[in-house]
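Q: What follows is input.cif, mmCIF, C-alpha atoms and all ligand atoms.
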```
data_entry
loop_
_atom_site.group_PDB
_atom_site.id
_atom_site.type_symbol
_atom_site.label_atom_id
_atom_site.label_comp_id
_atom_site.auth_asym_id
_atom_site.auth_seq_id
_atom_site.Cartn_x
_atom_site.Cartn_y
_atom_site.Cartn_z
ATOM 1 C CA MET D 1210 -131.748 19.919 19.325
ATOM 2 C CA ARG D 1211 -128.625 17.853 19.604
ATOM 3 C CA ASP D 1212 -128.315 17.724 15.829
ATOM 4 C CA ALA D 1213 -128.582 21.481 15.652
ATOM 5 C CA ILE D 1214 -125.676 21.976 18.074
ATOM 6 C CA GLU D 1215 -123.471 19.545 16.180
ATOM 7 C CA THR D 1216 -124.213 21.298 12.912
ATOM 8 C CA VAL D 1217 -123.095 24.583 14.414
ATOM 9 C CA ASN D 1218 -119.804 23.034 15.551
ATOM 10 C CA VAL D 1219 -119.027 21.639 12.116
ATOM 11 C CA LYS D 1220 -119.794 24.985 10.528
ATOM 12 C CA GLN D 1221 -117.455 26.760 12.911
ATOM 13 C CA THR D 1222 -114.563 24.381 12.251
ATOM 14 C CA ASP D 1223 -114.961 24.794 8.532
ATOM 15 C CA ALA D 1224 -115.146 28.559 8.848
ATOM 16 C CA VAL D 1225 -111.652 28.966 10.342
ATOM 17 C CA LYS D 1226 -109.392 30.628 7.789
ATOM 18 C CA VAL D 1227 -105.634 31.019 8.151
ATOM 19 C CA TYR D 1228 -103.787 33.961 6.612
ATOM 20 C CA GLN D 1229 -100.108 34.765 6.076
ATOM 21 C CA PRO D 1230 -98.787 38.343 6.120
ATOM 22 C CA GLY D 1231 -100.203 40.142 3.104
ATOM 23 C CA SER D 1232 -97.484 42.773 2.794
ATOM 24 C CA GLN D 1233 -94.370 44.101 4.471
ATOM 25 C CA HIS D 1234 -92.912 47.566 4.825
ATOM 26 C CA VAL D 1235 -90.977 49.844 7.153
ATOM 27 C CA VAL D 1236 -92.900 52.344 9.289
ATOM 28 C CA GLY D 1237 -90.656 55.407 9.534
ATOM 29 C CA ASP D 1238 -87.162 53.945 9.935
ATOM 30 C CA GLY D 1239 -87.760 51.912 13.088
ATOM 31 C CA PHE D 1240 -90.491 49.373 12.570
ATOM 32 C CA HIS D 1241 -89.962 46.620 10.015
ATOM 33 C CA VAL D 1242 -93.474 45.233 9.908
ATOM 34 C CA ARG D 1243 -95.435 42.457 8.326
ATOM 35 C CA ASN D 1244 -99.064 43.416 7.810
ATOM 36 C CA LEU D 1245 -101.847 40.872 8.350
ATOM 37 C CA PHE D 1246 -104.762 43.191 7.665
ATOM 38 C CA PRO D 1247 -106.105 45.163 5.913
ATOM 39 C CA SER D 1248 -103.669 43.654 3.353
ATOM 40 C CA ASN D 1249 -105.635 40.376 3.431
ATOM 41 C CA ASP D 1250 -108.950 42.225 2.902
ATOM 42 C CA LEU D 1251 -110.216 41.432 6.380
ATOM 43 C CA ASP D 1252 -112.021 44.689 7.186
ATOM 44 C CA ARG D 1253 -115.386 43.013 7.679
ATOM 45 C CA GLU D 1254 -114.270 39.667 9.061
ATOM 46 C CA LEU D 1255 -112.344 41.169 11.964
ATOM 47 C CA SER D 1256 -114.262 44.344 12.773
ATOM 48 C CA PRO D 1257 -113.730 46.227 15.104
ATOM 49 C CA PHE D 1258 -110.048 45.393 14.408
ATOM 50 C CA ILE D 1259 -108.965 47.164 11.221
ATOM 51 C CA MET D 1260 -105.162 46.873 11.087
ATOM 52 C CA LEU D 1261 -102.493 44.572 12.465
ATOM 53 C CA ASP D 1262 -98.802 45.225 11.916
ATOM 54 C CA TYR D 1263 -96.326 42.741 13.358
ATOM 55 C CA ALA D 1264 -92.958 44.412 13.981
ATOM 56 C CA GLY D 1265 -89.964 42.110 14.135
ATOM 57 C CA PRO D 1266 -88.379 40.412 15.819
ATOM 58 C CA THR D 1267 -85.764 42.711 14.257
ATOM 59 C CA PHE D 1268 -82.301 43.577 15.560
ATOM 60 C CA TYR D 1269 -81.428 47.282 15.509
ATOM 61 C CA PRO D 1270 -77.772 48.264 16.060
ATOM 62 C CA ALA D 1271 -76.826 50.866 18.669
ATOM 63 C CA THR D 1272 -77.458 54.480 17.694
ATOM 64 C CA ASP D 1273 -77.568 57.921 19.314
ATOM 65 C CA THR D 1274 -80.507 58.899 17.102
ATOM 66 C CA PRO D 1275 -83.530 56.758 18.005
ATOM 67 C CA ARG D 1276 -85.267 55.159 15.034
ATOM 68 C CA GLY D 1277 -89.016 55.183 14.660
ATOM 69 C CA VAL D 1278 -91.739 57.269 13.141
ATOM 70 C CA GLY D 1279 -91.905 61.026 13.644
ATOM 71 C CA GLU D 1280 -94.857 63.347 14.067
ATOM 72 C CA HIS D 1281 -98.002 62.075 12.267
ATOM 73 C CA PRO D 1282 -101.775 62.280 12.813
ATOM 74 C CA HIS D 1283 -104.625 59.832 13.454
ATOM 75 C CA ARG D 1284 -108.406 60.260 13.597
ATOM 76 C CA GLY D 1285 -111.401 57.985 14.056
ATOM 77 C CA PHE D 1286 -109.985 54.937 15.861
ATOM 78 C CA GLU D 1287 -107.567 53.667 18.539
ATOM 79 C CA THR D 1288 -103.981 52.424 18.216
ATOM 80 C CA VAL D 1289 -102.966 49.606 20.547
ATOM 81 C CA THR D 1290 -99.252 48.890 20.841
ATOM 82 C CA ILE D 1291 -98.107 45.708 22.566
ATOM 83 C CA VAL D 1292 -94.381 45.280 23.210
ATOM 84 C CA TYR D 1293 -92.807 41.817 23.526
ATOM 85 C CA GLN D 1294 -89.118 42.807 23.241
ATOM 86 C CA GLY D 1295 -87.451 46.226 23.238
ATOM 87 C CA ARG D 1296 -88.697 49.612 24.409
ATOM 88 C CA VAL D 1297 -90.901 52.147 22.609
ATOM 89 C CA ALA D 1298 -91.419 55.802 23.548
ATOM 90 C CA HIS D 1299 -94.526 57.803 22.683
ATOM 91 C CA ARG D 1300 -95.375 61.492 22.794
ATOM 92 C CA ASP D 1301 -98.583 63.155 21.559
ATOM 93 C CA SER D 1302 -100.276 66.489 20.981
ATOM 94 C CA ALA D 1303 -102.679 65.913 23.882
ATOM 95 C CA GLY D 1304 -99.690 66.157 26.229
ATOM 96 C CA ASN D 1305 -99.341 62.435 26.936
ATOM 97 C CA SER D 1306 -96.033 60.615 26.864
ATOM 98 C CA GLY D 1307 -94.719 57.301 28.042
ATOM 99 C CA VAL D 1308 -92.367 54.390 27.511
ATOM 100 C CA ILE D 1309 -93.506 50.801 27.176
ATOM 101 C CA GLY D 1310 -91.380 47.668 27.412
ATOM 102 C CA PRO D 1311 -91.909 43.882 27.380
ATOM 103 C CA GLY D 1312 -95.386 42.951 28.625
ATOM 104 C CA ASP D 1313 -96.655 46.550 28.514
ATOM 105 C CA VAL D 1314 -99.464 47.898 26.357
ATOM 106 C CA GLN D 1315 -100.248 51.399 25.183
ATOM 107 C CA TRP D 1316 -103.852 52.057 24.263
ATOM 108 C CA MET D 1317 -104.181 55.408 22.485
ATOM 109 C CA THR D 1318 -107.580 56.759 21.533
ATOM 110 C CA ALA D 1319 -107.082 59.088 18.574
ATOM 111 C CA ALA D 1320 -110.846 59.767 18.217
ATOM 112 C CA SER D 1321 -111.307 63.387 17.004
ATOM 113 C CA GLY D 1322 -107.622 63.708 16.240
ATOM 114 C CA ILE D 1323 -104.161 63.454 17.661
ATOM 115 C CA VAL D 1324 -100.608 63.959 16.435
ATOM 116 C CA HIS D 1325 -97.932 61.707 17.855
ATOM 117 C CA GLU D 1326 -94.482 60.195 17.423
ATOM 118 C CA GLU D 1327 -93.458 56.595 18.101
ATOM 119 C CA LEU D 1328 -89.734 56.046 18.604
ATOM 120 C CA HIS D 1329 -87.342 53.490 20.005
ATOM 121 C CA GLU D 1330 -86.681 54.586 23.581
ATOM 122 C CA LYS D 1331 -83.457 56.638 23.740
ATOM 123 C CA ASP D 1332 -81.387 54.574 26.187
ATOM 124 C CA TRP D 1333 -82.528 51.302 24.646
ATOM 125 C CA ALA D 1334 -81.602 52.632 21.186
ATOM 126 C CA LYS D 1335 -78.137 53.579 22.489
ATOM 127 C CA ARG D 1336 -77.512 49.961 23.446
ATOM 128 C CA GLY D 1337 -79.290 48.477 20.440
ATOM 129 C CA GLY D 1338 -81.327 45.305 20.580
ATOM 130 C CA THR D 1339 -84.189 43.250 19.276
ATOM 131 C CA LEU D 1340 -87.609 44.800 18.892
ATOM 132 C CA GLN D 1341 -90.767 42.715 18.746
ATOM 133 C CA ALA D 1342 -94.128 44.446 18.948
ATOM 134 C CA ILE D 1343 -97.633 44.521 17.548
ATOM 135 C CA GLN D 1344 -99.676 47.509 16.558
ATOM 136 C CA LEU D 1345 -103.378 46.872 16.340
ATOM 137 C CA TRP D 1346 -105.933 49.461 15.205
ATOM 138 C CA VAL D 1347 -109.355 49.282 16.812
ATOM 139 C CA ASN D 1348 -112.172 51.069 15.032
ATOM 140 C CA LEU D 1349 -114.535 53.391 16.859
ATOM 141 C CA PRO D 1350 -118.272 53.492 16.210
ATOM 142 C CA LYS D 1351 -119.543 56.595 14.408
ATOM 143 C CA ALA D 1352 -120.907 57.998 17.660
ATOM 144 C CA SER D 1353 -117.409 58.034 19.225
ATOM 145 C CA LYS D 1354 -115.163 58.949 16.287
ATOM 146 C CA MET D 1355 -115.166 62.636 17.184
ATOM 147 C CA SER D 1356 -114.942 62.222 20.953
ATOM 148 C CA ALA D 1357 -111.958 63.509 22.942
ATOM 149 C CA PRO D 1358 -108.581 61.777 22.491
ATOM 150 C CA GLY D 1359 -107.410 59.525 25.305
ATOM 151 C CA TYR D 1360 -104.416 57.537 26.428
ATOM 152 C CA GLN D 1361 -103.994 54.472 28.619
ATOM 153 C CA THR D 1362 -100.603 53.091 29.570
ATOM 154 C CA ILE D 1363 -101.158 49.564 30.793
ATOM 155 C CA VAL D 1364 -98.027 48.147 32.380
ATOM 156 C CA ASN D 1365 -97.282 44.455 32.743
ATOM 157 C CA GLU D 1366 -98.090 44.407 36.481
ATOM 158 C CA GLN D 1367 -101.630 45.703 35.844
ATOM 159 C CA ILE D 1368 -102.501 42.849 33.499
ATOM 160 C CA PRO D 1369 -103.985 39.843 35.336
ATOM 161 C CA GLU D 1370 -102.534 36.459 34.417
ATOM 162 C CA VAL D 1371 -104.708 33.351 34.464
ATOM 163 C CA GLN D 1372 -102.939 29.994 34.878
ATOM 164 C CA LEU D 1373 -104.440 27.442 32.503
ATOM 165 C CA ASP D 1374 -105.553 23.969 33.583
ATOM 166 C CA ARG D 1375 -103.087 21.054 33.690
ATOM 167 C CA GLY D 1376 -100.063 23.314 33.263
ATOM 168 C CA ALA D 1377 -101.058 24.201 29.709
ATOM 169 C CA GLY D 1378 -99.656 27.702 30.055
ATOM 170 C CA SER D 1379 -100.959 31.139 30.908
ATOM 171 C CA LEU D 1380 -103.232 33.832 29.584
ATOM 172 C CA ARG D 1381 -102.893 37.552 30.313
ATOM 173 C CA VAL D 1382 -106.118 39.515 30.062
ATOM 174 C CA ILE D 1383 -105.502 42.934 28.468
ATOM 175 C CA ALA D 1384 -109.186 43.645 27.768
ATOM 176 C CA GLY D 1385 -112.374 41.750 28.551
ATOM 177 C CA SER D 1386 -112.492 38.980 31.125
ATOM 178 C CA VAL D 1387 -111.536 35.340 31.616
ATOM 179 C CA ARG D 1388 -112.684 33.333 34.648
ATOM 180 C CA GLY D 1389 -113.284 36.474 36.678
ATOM 181 C CA ALA D 1390 -109.951 38.099 35.761
ATOM 182 C CA LYS D 1391 -110.749 41.471 34.214
ATOM 183 C CA GLY D 1392 -108.476 43.235 31.757
ATOM 184 C CA PRO D 1393 -107.591 46.849 32.625
ATOM 185 C CA ALA D 1394 -108.164 48.358 29.146
ATOM 186 C CA LYS D 1395 -111.230 50.543 28.770
ATOM 187 C CA THR D 1396 -112.842 49.998 25.374
ATOM 188 C CA PHE D 1397 -115.657 51.713 23.437
ATOM 189 C CA THR D 1398 -117.176 48.481 22.111
ATOM 190 C CA PRO D 1399 -117.048 44.960 23.601
ATOM 191 C CA ILE D 1400 -113.523 43.567 23.110
ATOM 192 C CA GLU D 1401 -111.528 40.633 24.428
ATOM 193 C CA LEU D 1402 -107.746 40.850 24.044
ATOM 194 C CA TYR D 1403 -105.414 38.213 25.516
ATOM 195 C CA ASP D 1404 -101.714 37.388 25.479
ATOM 196 C CA LEU D 1405 -101.809 33.574 25.419
ATOM 197 C CA ARG D 1406 -98.741 31.397 26.105
ATOM 198 C CA LEU D 1407 -99.314 27.705 25.434
ATOM 199 C CA ARG D 1408 -96.807 24.966 26.183
ATOM 200 C CA ALA D 1409 -95.897 22.390 23.542
ATOM 201 C CA GLY D 1410 -98.281 19.456 23.525
ATOM 202 C CA HIS D 1411 -100.950 21.284 25.534
ATOM 203 C CA SER D 1412 -104.414 22.535 24.614
ATOM 204 C CA THR D 1413 -106.793 25.101 25.988
ATOM 205 C CA PRO D 1414 -110.421 25.892 25.221
ATOM 206 C CA LEU D 1415 -111.178 29.506 24.342
ATOM 207 C CA GLN D 1416 -114.655 30.654 25.226
ATOM 208 C CA ILE D 1417 -115.585 33.726 23.186
ATOM 209 C CA PRO D 1418 -119.041 35.356 23.235
ATOM 210 C CA THR D 1419 -121.388 34.386 20.390
ATOM 211 C CA GLY D 1420 -121.094 36.443 17.224
ATOM 212 C CA TYR D 1421 -117.723 38.023 18.030
ATOM 213 C CA ASN D 1422 -115.170 38.212 15.243
ATOM 214 C CA VAL D 1423 -112.031 36.380 16.371
ATOM 215 C CA GLY D 1424 -108.391 36.552 15.282
ATOM 216 C CA LEU D 1425 -105.612 34.373 16.689
ATOM 217 C CA PHE D 1426 -102.216 35.753 15.705
ATOM 218 C CA LEU D 1427 -99.262 33.480 16.301
ATOM 219 C CA LEU D 1428 -96.056 35.357 17.174
ATOM 220 C CA SER D 1429 -93.934 32.286 17.726
ATOM 221 C CA GLY D 1430 -94.155 28.508 17.818
ATOM 222 C CA ARG D 1431 -96.729 26.360 16.076
ATOM 223 C CA ALA D 1432 -100.347 25.686 16.935
ATOM 224 C CA SER D 1433 -103.604 24.334 15.599
ATOM 225 C CA VAL D 1434 -107.188 25.507 15.960
ATOM 226 C CA GLN D 1435 -109.913 22.866 16.428
ATOM 227 C CA GLY D 1436 -107.282 20.204 15.773
ATOM 228 C CA SER D 1437 -107.117 20.716 12.033
ATOM 229 C CA HIS D 1438 -106.265 24.320 11.154
ATOM 230 C CA ARG D 1439 -102.511 24.740 11.487
ATOM 231 C CA VAL D 1440 -101.054 28.130 12.312
ATOM 232 C CA SER D 1441 -97.338 28.928 11.992
ATOM 233 C CA GLU D 1442 -95.164 31.939 12.854
ATOM 234 C CA ALA D 1443 -96.730 35.278 11.806
ATOM 235 C CA GLU D 1444 -99.956 33.626 10.664
ATOM 236 C CA LEU D 1445 -103.478 34.605 11.650
ATOM 237 C CA ALA D 1446 -106.486 32.339 12.163
ATOM 238 C CA VAL D 1447 -109.854 34.062 11.700
ATOM 239 C CA PHE D 1448 -113.374 32.888 12.515
ATOM 240 C CA THR D 1449 -116.686 34.009 13.988
ATOM 241 C CA SER D 1450 -117.533 32.647 17.411
ATOM 242 C CA THR D 1451 -120.630 30.478 17.719
ATOM 243 C CA GLY D 1452 -120.288 30.640 21.487
ATOM 244 C CA GLN D 1453 -118.929 27.083 21.654
ATOM 245 C CA PRO D 1454 -115.408 26.655 23.076
ATOM 246 C CA VAL D 1455 -112.671 26.581 20.456
ATOM 247 C CA THR D 1456 -109.668 24.379 21.160
ATOM 248 C CA VAL D 1457 -106.196 25.768 20.579
ATOM 249 C CA THR D 1458 -103.331 23.262 20.702
ATOM 250 C CA ALA D 1459 -99.629 24.103 20.763
ATOM 251 C CA GLU D 1460 -97.408 21.834 18.706
ATOM 252 C CA GLU D 1461 -94.403 23.896 19.828
ATOM 253 C CA ASP D 1462 -94.373 26.466 22.665
ATOM 254 C CA ALA D 1463 -96.620 29.170 21.266
ATOM 255 C CA THR D 1464 -97.201 32.873 21.902
ATOM 256 C CA ILE D 1465 -100.585 33.924 20.554
ATOM 257 C CA LEU D 1466 -102.425 37.236 20.565
ATOM 258 C CA VAL D 1467 -106.131 36.527 20.894
ATOM 259 C CA MET D 1468 -108.349 39.366 19.656
ATOM 260 C CA ALA D 1469 -112.128 39.169 19.638
ATOM 261 C CA GLY D 1470 -114.871 41.731 19.437
ATOM 262 C CA GLU D 1471 -118.367 42.628 18.430
ATOM 263 C CA GLY D 1472 -118.266 43.880 14.841
ATOM 264 C CA ILE D 1473 -119.182 47.507 14.126
ATOM 265 C CA ASP D 1474 -121.790 47.371 11.366
ATOM 266 C CA GLU D 1475 -121.059 50.741 9.752
ATOM 267 C CA PRO D 1476 -119.334 51.835 6.521
ATOM 268 C CA VAL D 1477 -115.526 52.092 6.738
ATOM 269 C CA ALA D 1478 -113.731 54.818 4.766
ATOM 270 C CA ARG D 1479 -109.950 54.935 5.201
ATOM 271 C CA TYR D 1480 -107.122 57.080 3.985
ATOM 272 C CA GLY D 1481 -103.684 56.494 5.535
ATOM 273 C CA PRO D 1482 -103.879 57.440 9.213
ATOM 274 C CA PHE D 1483 -107.580 58.352 9.117
ATOM 275 C CA VAL D 1484 -110.479 55.876 9.415
ATOM 276 C CA MET D 1485 -113.957 57.372 9.145
ATOM 277 C CA ASN D 1486 -117.383 56.405 7.767
ATOM 278 C CA THR D 1487 -117.490 58.533 4.596
ATOM 279 C CA LYS D 1488 -115.152 60.052 2.028
ATOM 280 C CA ALA D 1489 -116.338 63.552 3.001
ATOM 281 C CA GLU D 1490 -115.197 62.887 6.583
ATOM 282 C CA LEU D 1491 -111.772 61.803 5.287
ATOM 283 C CA ILE D 1492 -111.392 65.052 3.347
ATOM 284 C CA GLN D 1493 -112.410 66.936 6.492
ATOM 285 C CA ALA D 1494 -109.775 65.001 8.474
ATOM 286 C CA VAL D 1495 -107.015 65.937 6.011
ATOM 287 C CA ASN D 1496 -108.118 69.587 6.078
ATOM 288 C CA ASP D 1497 -108.315 69.675 9.871
ATOM 289 C CA TYR D 1498 -104.864 68.137 10.192
ATOM 290 C CA GLN D 1499 -103.345 70.577 7.705
ATOM 291 C CA ALA D 1500 -105.030 73.475 9.527
ATOM 292 C CA GLY D 1501 -103.329 72.344 12.748
ATOM 293 C CA LYS D 1502 -106.590 71.356 14.445
ATOM 294 C CA MET D 1503 -105.116 68.058 15.669
ATOM 295 C CA GLY D 1504 -102.360 69.953 17.438
ATOM 296 C CA HIS D 1505 -98.593 69.592 17.338
ATOM 297 C CA LEU D 1506 -95.866 68.127 19.498
ATOM 298 C CA SER D 1507 -94.362 70.718 21.762
HETATM 299 MN MN MN K 1 -99.170 56.294 14.845
#
```
Write out the structure in this file as C-alpha cells.
Ligand code: MN
A:
Amino acid sequence: MRDAIETVNVKQTDAVKVYQPGSQHVVGDGFHVRNLFPSNDLDRELSPFIMLDYAGPTFYPATDTPRGVGEHPHRGFETVTIVYQGRVAHRDSAGNSGVIGPGDVQWMTAASGIVHEELHEKDWAKRGGTLQAIQLWVNLPKASKMSAPGYQTIVNEQIPEVQLDRGAGSLRVIAGSVRGAKGPAKTFTPIELYDLRLRAGHSTPLQIPTGYNVGLFLLSGRASVQGSHRVSEAELAVFTSTGQPVTVTAEEDATILVMAGEGIDEPVARYGPFVMNTKAELIQAVNDYQAGKMGHLS
C-alpha cells in the first residue's frame, strides 16, 4: 500500500510540464497579450480551460478614445477576466455592463450567444496607465452550451482571502473552496480558481481534488512546483492532480493564478470566438451571429 502511494507521488512530479507563451498578439487595439493556450496545444490537458491570454503589464498613454476591442460575439463557453492593474469596461447585448479594476473579476457566460465590447475604462484611459489582466476561457459542457447567457461581476471585497500558514502569503478564492472559504463564482462544472500570493522563501501545499486538470500561471516573481519544476514570469505549469498535496515554493515574491477543474470529455470544435462540439454547430454559430440572433449593443 505504502509503495503504491509513493509511486503515485513520483508519477505526479514527473508529469508536471512547464510552458512559455506560445504566441503573442494584440486584441483590438487595447490588449497586448501573450497566449499560453491553445497556442501550446493544451486543449485536453487543461480542460475545461480552453484559452489563456495574459495582457501586459503594458503602459498605455493617455487618450480620449479608450482602446480595447469593439463589438464581437461569443458562443459555447464563458470568458473570465481578472484585472490586476488598470480598469476595464464591459457592455453586452444581454444588457449587462460593468467596470472592473484591480482584484475584481468578471465572469461572463456567453452560452447560446452574446455580443460584447471590452474597452479600457474611459476615465482611466484619459489618465493613461499600466494594464495587467488575464482572460481565461472556460468551456461549457454540451448540455449547457445553448443555455441563456449570464454575467457575474465579482468585486474584490466579495472574494474571501485565506492567510497561509507561517506567513507564507495569501490565497483569494474566486471559485471553489479552500479551508471552508468559498469562492463567489457560480460555475457549470467543478472548478477551483485562486489568486495566490506567495512570499519569497515560503512554500504552501495545494490540495486539489483527484483527477482535476491543474494550471499554475505565474504573473510575477519566480517559483517552483514540487521543488524541481521551475516557473518564471509568464510561464505555466500543468499537471493532473493525484489528490496528493502539491508544494509550491516562491523563490521571489510570486503572484500565481491557480486554475483547476474536472475535464469535460467531449469533442471540442473551435472557430475564433465560437467553441462548440462539432463543425456543423460552428457553421450554425456564424450564421446565427450574422443573422443578428446574438443581439447587438444598443
Ligand atoms: Mn470577448
Q: Report as a PyMOL selection string which protein, DNA and RNA residues come within 12 Å of ligand MN 1 (chain K), using only C-alpha atoms and all ligand atoms.
A: chain D and resi 1236-1237+1240+1260+1262+1277-1284+1286-1290+1298-1302+1315-1319+1322-1328+1344-1346+1481-1483
Q: Separation of atom CA of D:Phe1258 and atom CA of D:Ser1429, in Å?
A: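 Rounded to one decimal, the two atoms are 21.0 Å apart.
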Q: Written as a list in words, what is the full residue list that the PyMOL selection byres (((chain D and resi 1414) around 8) and not hetatm) yields on the file shown?
A: Ser1412, Thr1413, Leu1415, Gln1416, Pro1454, Val1455, Thr1456 and Val1457 of chain D
Q: Applying 7 Å and all atoms listed in the file, which residues near D:His1329 remain after dropping the ones on its own chain fewer than 2 positions away? List them as a list of chain:residue names.
A: D:Pro1275, D:Arg1276, D:Gly1277, D:Arg1296, D:Val1297, D:Ala1298, D:Lys1331, D:Ala1334
Q: Which one of D:Val1440, D:Ala1478, D:Val1235, D:Ile1291 sits closest to D:Asp1404 if you count all atoms listed in the file?
A: D:Ile1291
Q: Counting all atoms listed in the file, which of D:Val1495, D:Ala1271, D:Ile1400, D:Ala1224 gets nearest to D:Tyr1421?
A: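 The closest residue to D:Tyr1421 is D:Ile1400.
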Q: Show me, as a PyMOL selection string, the residues that have an atom within 12 Å of D:Gln1493 when counting only C-alpha atoms, minus same-chain residues fewer than 2 positions from it.
A: chain D and resi 1284-1285+1321-1322+1355+1480+1483-1491+1495-1500+1502-1503
Q: Quick check on the file I pasted: which residues fall under the PyMOL selection byres (((chain D and resi 1268) around 10) and not hetatm)? Write them as a PDB file with C-alpha atoms, in the frame of the given file.
A:
```
ATOM      1  CA  HIS D1241     -89.962  46.620  10.015  1.00  0.00           C
ATOM      2  CA  GLY D1265     -89.964  42.110  14.135  1.00  0.00           C
ATOM      3  CA  PRO D1266     -88.379  40.412  15.819  1.00  0.00           C
ATOM      4  CA  THR D1267     -85.764  42.711  14.257  1.00  0.00           C
ATOM      5  CA  TYR D1269     -81.428  47.282  15.509  1.00  0.00           C
ATOM      6  CA  PRO D1270     -77.772  48.264  16.060  1.00  0.00           C
ATOM      7  CA  ALA D1271     -76.826  50.866  18.669  1.00  0.00           C
ATOM      8  CA  GLY D1295     -87.451  46.226  23.238  1.00  0.00           C
ATOM      9  CA  GLY D1337     -79.290  48.477  20.440  1.00  0.00           C
ATOM     10  CA  GLY D1338     -81.327  45.305  20.580  1.00  0.00           C
ATOM     11  CA  THR D1339     -84.189  43.250  19.276  1.00  0.00           C
ATOM     12  CA  LEU D1340     -87.609  44.800  18.892  1.00  0.00           C
ATOM     13  CA  GLN D1341     -90.767  42.715  18.746  1.00  0.00           C
TER      14      GLN D1341
END
```
Q: What's the 10 Å shell around D:Gly1424, counting only C-alpha atoms, without same-chain residues fewer than 5 positions away, as an NGL selection string?
A: :D and (1225-1227 or 1254-1255 or 1258 or 1402 or 1445-1449 or 1465-1470)
Q: Restricting the calculation to only C-alpha atoms, which member of D:Ser1379, D:Ser1437, D:Ser1507, D:Thr1274 is positioned closest to D:Ala1463?
A: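 So, comparing all the options, the nearest one is D:Ser1379.
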Q: Check which residues satisfy the PyMOL selection byres (((chain D and resi 1369) around 7) and not hetatm) in the file shown, then give them as a list in words.
A: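 With the shown file as input, the PyMOL selection byres (((chain D and resi 1369) around 7) and not hetatm) matches Gln1367, Ile1368, Glu1370, Val1371, Arg1381, Val1382, Ala1390 and Gly1392 of chain D.
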Q: Those residues with C-alpha atoms, as a compact mmCIF listing (two decimals), in the frame of the given file please?
A:
```txt
# COMPACT_ATOMS: atom_id res chain seq x y z
CA GLN D 1367 -101.63 45.70 35.84
CA ILE D 1368 -102.50 42.85 33.50
CA GLU D 1370 -102.53 36.46 34.42
CA VAL D 1371 -104.71 33.35 34.46
CA ARG D 1381 -102.89 37.55 30.31
CA VAL D 1382 -106.12 39.52 30.06
CA ALA D 1390 -109.95 38.10 35.76
CA GLY D 1392 -108.48 43.24 31.76
```
Q: How many Å lie between atom CA of D:His1438 and atom CA of D:Gln1229, rounded to one decimal?
A: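 Distance between the two atoms: 13.1 Å.
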Q: What is the distance between atom CA of D:Lys1354 and atom CA of D:Gly1420, in Å to one decimal?
A: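 The value is 23.3 Å.
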Q: Please provide as a tab-separated table (two decimals) with C-alpha atoms, keeping the file's coordinate frame all residues within 10 Å of D:Arg1431, with the sequence filter that same-chain residues fewer than 3 positions apart are discarded (counting only C-alpha atoms).
A:
```tsv
chain	number	residue	atom	x	y	z
D	1407	LEU	CA	-99.31	27.70	25.43
D	1409	ALA	CA	-95.90	22.39	23.54
D	1427	LEU	CA	-99.26	33.48	16.30
D	1428	LEU	CA	-96.06	35.36	17.17
D	1439	ARG	CA	-102.51	24.74	11.49
D	1440	VAL	CA	-101.05	28.13	12.31
D	1441	SER	CA	-97.34	28.93	11.99
D	1442	GLU	CA	-95.16	31.94	12.85
D	1443	ALA	CA	-96.73	35.28	11.81
D	1444	GLU	CA	-99.96	33.63	10.66
D	1458	THR	CA	-103.33	23.26	20.70
D	1459	ALA	CA	-99.63	24.10	20.76
D	1460	GLU	CA	-97.41	21.83	18.71
D	1461	GLU	CA	-94.40	23.90	19.83
D	1462	ASP	CA	-94.37	26.47	22.66
D	1463	ALA	CA	-96.62	29.17	21.27
D	1464	THR	CA	-97.20	32.87	21.90
D	1465	ILE	CA	-100.58	33.92	20.55
```
Q: When distances are computed from all atoms listed in the file, which of D:Tyr1228, D:Phe1246, D:Phe1397, D:Tyr1293 shows the smallest separation from D:Ala1264?
A: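 Comparing D:Tyr1228, D:Phe1246, D:Phe1397, D:Tyr1293 against D:Ala1264, the winner is D:Tyr1293.
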Q: With only C-alpha atoms as the atoms that count, which of D:His1505, D:Gly1389, D:Arg1243, D:Arg1375 lies nearest to D:Ala1303?
A: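 Distance minimum relative to D:Ala1303 lands on D:His1505.
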Q: Pick out the closest residue to D:Phe1426 from this set: D:Pro1230, D:Pro1257, D:Gly1307, D:Pro1358. Count only C-alpha atoms.
A: D:Pro1230
